Amino acid sequence: MAGLPHLEALFPNLLPDKYEKTSEPDPRYNCIAWAADDNLRWWEPVGMAPYYWPPNVPLEYTLASYIEAFEQLGYEKCDDGKYTPGIEKIAIYVDRHGAPSHAARQRGPLKWTSKLGEMEDIDHATLDELVGNRYGNVAQFLRRRLGHSSTLYRLLTVVLRVIQKCTNRLFGR
Amino acid sequence: MELTINPPFGAGGTLPVSRAWRASRTSRANEWVKVNSGDAGRKYLIKVPRNYPVASVQGSAVDTATAQIFEGLRQKWENETAIDSSVAKKSMHPAYQRIIGMGPDVIPLILRDLRRRRAHWFWALNAITGDSPADGESTVECAIDAWIRWGKDRGLI
């Protein structure tokens, strides 16, 4: 598989044969949205449109706020990122100041998916590949049972996407 | 285009709009604008109708020097923040802040870049213009459309 030198320069632990690009760069969503399985919105507690943050979750750049956001999707805290069939896990990274900097979602044994800012989505074998100066370290793991509220959430996301496309066509955007 | 300073907000007279930039916003109806007279470093704080600086650059061509400075800052900002997942962090980047500091002159350049690269210019546009046409939008795509419409309505793009 072809490497992405611009990413390898930023993440020294990212080895060419250990990751794979799964999408083109896209500014419409970020890593937190992608971890929440939403590729329509940019999730961030910034408190201004068009940025999304789940209702009733504090608009704070704290680990507690990010955990609460994922708890609304049915996740709960857990101790590790070991793969367990039927369980979906998320890892939240924090920078050296303790502020959340990134989130990755487990896709299978030795497979995590990450959206890197506005850049590509990648599948990577381990969480360590993104550890470093840019994203810091993993500070919290979360888990939920597959098929939990995620099924309904994914269905809603698809419906929203269809509505948006229809609206765009109607108004010629 | 000249920005008129009326007593009691200033000493009177007019100043080139390019020397005006927004200092802060006090309400949705009016804005405080700090105006640098350019003579002996005198500055005035005046209250003008909302959108005045934006309307004043309507239809004006952006000079080459401004465009070059903008492009250099834009590239630096993009290169150094593309992998950041926080708009707040992106917006605090020194190059982005300098672009905001360039004031209304760069609005056409920002709108063109917004249309071409779909980058996160909402913070800067909001800070420079004081306007919020993307309020209520929940996706980046819709917010971009709202700002492009806003720019077209004013002949800025």
# chains A, B, ... in the order shown; residues from 1 in each chain; ligands from 1
$ residues_around --residues "A:Leu63" --least-positions-apart "5" --cutoff "8 Å" --atoms "only C-alpha atoms" --output "list of chain:residue names"
A:Val94, A:Gly98, A:Ala99, A:Pro100
$ write_last_selection --atoms "C-alpha atoms" --output "PDB file, in the first residue's frame"
ATOM      1  CA  VAL A  94      -5.113  14.211  25.164  1.00  0.00           C
ATOM      2  CA  GLY A  98      -4.651  17.429  29.143  1.00  0.00           C
ATOM      3  CA  ALA A  99      -6.994  18.774  26.456  1.00  0.00           C
ATOM      4  CA  PRO A 100      -8.605  16.220  24.137  1.00  0.00           C
TER       5      PRO A 100
END
$ closest_atom_pairs --of "chain A" --to "chain B" --cutoff "6 Å" --atoms "only C-alpha atoms" --output "JSON lines"
{"residue": "A:Arg28", "atom": "CA", "partner": "B:Val140", "partner_atom": "CA", "distance": 5.3}
{"residue": "A:Asn30", "atom": "CA", "partner": "B:Ser85", "partner_atom": "CA", "distance": 5.5}
{"residue": "A:Arg41", "atom": "CA", "partner": "B:Thr139", "partner_atom": "CA", "distance": 5.2}
{"residue": "A:Ala49", "atom": "CA", "partner": "B:Asp135", "partner_atom": "CA", "distance": 5.4}
{"residue": "A:Pro50", "atom": "CA", "partner": "B:Ser138", "partner_atom": "CA", "distance": 4.5}
{"residue": "A:Leu116", "atom": "CA", "partner": "B:Ile83", "partner_atom": "CA", "distance": 5.1}
{"residue": "A:Gly117", "atom": "CA", "partner": "B:Ile83", "partner_atom": "CA", "distance": 3.9}
{"residue": "A:Glu118", "atom": "CA", "partner": "B:Ala82", "partner_atom": "CA", "distance": 5.6}
$ write_last_selection --atoms "C-alpha atoms" --output "mmCIF file, in the first residue's frame"
data_model
loop_
_atom_site.group_PDB
_atom_site.id
_atom_site.type_symbol
_atom_site.label_atom_id
_atom_site.label_comp_id
_atom_site.auth_asym_id
_atom_site.auth_seq_id
_atom_site.Cartn_x
_atom_site.Cartn_y
_atom_site.Cartn_z
ATOM 1 C CA ARG A 28 -16.698 18.647 6.827
ATOM 2 C CA ASN A 30 -13.280 15.841 12.345
ATOM 3 C CA ARG A 41 -20.762 17.338 11.097
ATOM 4 C CA ALA A 49 -22.373 27.380 14.215
ATOM 5 C CA PRO A 50 -21.833 25.195 12.319
ATOM 6 C CA LEU A 116 -6.722 13.281 10.977
ATOM 7 C CA GLY A 117 -8.062 16.807 11.346
ATOM 8 C CA GLU A 118 -9.281 17.926 7.927
#
$ residues_around --residues "A:Glu120" --least-positions-apart "3" --cutoff "7 Å" --atoms "only C-alpha atoms" --output "number ranges by chain"
A: 21, 23-26, 115-116
$ write_last_selection --atoms "N, CA and C atoms" --output "mmCIF file, in the first residue's frame"
data_model
loop_
_atom_site.group_PDB
_atom_site.id
_atom_site.type_symbol
_atom_site.label_atom_id
_atom_site.label_comp_id
_atom_site.auth_asym_id
_atom_site.auth_seq_id
_atom_site.Cartn_x
_atom_site.Cartn_y
_atom_site.Cartn_z
ATOM 1 N N LYS A 21 -4.820 4.436 3.939
ATOM 2 C CA LYS A 21 -5.751 5.556 3.721
ATOM 3 C C LYS A 21 -7.121 5.006 3.346
ATOM 4 N N SER A 23 -9.940 7.402 3.107
ATOM 5 C CA SER A 23 -10.729 8.475 2.473
ATOM 6 C C SER A 23 -9.809 9.615 2.065
ATOM 7 N N GLU A 24 -10.320 10.470 1.208
ATOM 8 C CA GLU A 24 -9.610 11.696 0.831
ATOM 9 C C GLU A 24 -9.779 12.721 1.952
ATOM 10 N N PRO A 25 -8.939 13.778 1.971
ATOM 11 C CA PRO A 25 -9.150 14.847 2.956
ATOM 12 C C PRO A 25 -10.568 15.411 2.853
ATOM 13 N N ASP A 26 -11.132 15.791 3.972
ATOM 14 C CA ASP A 26 -12.512 16.292 3.982
ATOM 15 C C ASP A 26 -12.695 17.221 5.184
ATOM 16 N N LYS A 115 -9.717 9.884 11.784
ATOM 17 C CA LYS A 115 -9.760 11.017 10.852
ATOM 18 C C LYS A 115 -8.727 11.999 11.381
ATOM 19 N N LEU A 116 -7.822 12.432 10.516
ATOM 20 C CA LEU A 116 -6.722 13.281 10.977
ATOM 21 C C LEU A 116 -7.018 14.746 10.659
#
$ select_by_dssp --residues "chain A" --states "helix (DSSP H, G or I)" --output "JSON, numbers by chain"
{"A": [5, 6, 7, 8, 9, 10, 16, 17, 18, 31, 32, 33, 34, 35, 63, 64, 65, 66, 67, 68, 69, 70, 71, 127, 128, 129, 130, 150, 151, 152, 153, 154, 155, 156, 157, 158, 159, 160, 161, 162, 163, 164, 165, 166, 167, 168, 169, 170]}
$ closest_residue --among "B:Met92, B:Ile157, B:Ile128, B:Ala65" --to "B:Arg116" --atoms "only C-alpha atoms"
B:Ile157
$ atom_distance --atom1 "atom CA of A:Arg107" --atom2 "atom CA of A:Ala33"
15.3 Å
$ atom_distance --atom1 "atom CA of B:Arg74" --atom2 "atom CA of B:Leu125"
14.0 Å
$ atom_distance --atom1 "atom CA of A:Tyr66" --atom2 "atom CA of A:Phe11"
23.2 Å
$ closest_residue --among "B:Lys90, B:Asn126, B:Gln97, B:Pro108" --to "B:Gly155" --atoms "only C-alpha atoms"
B:Pro108
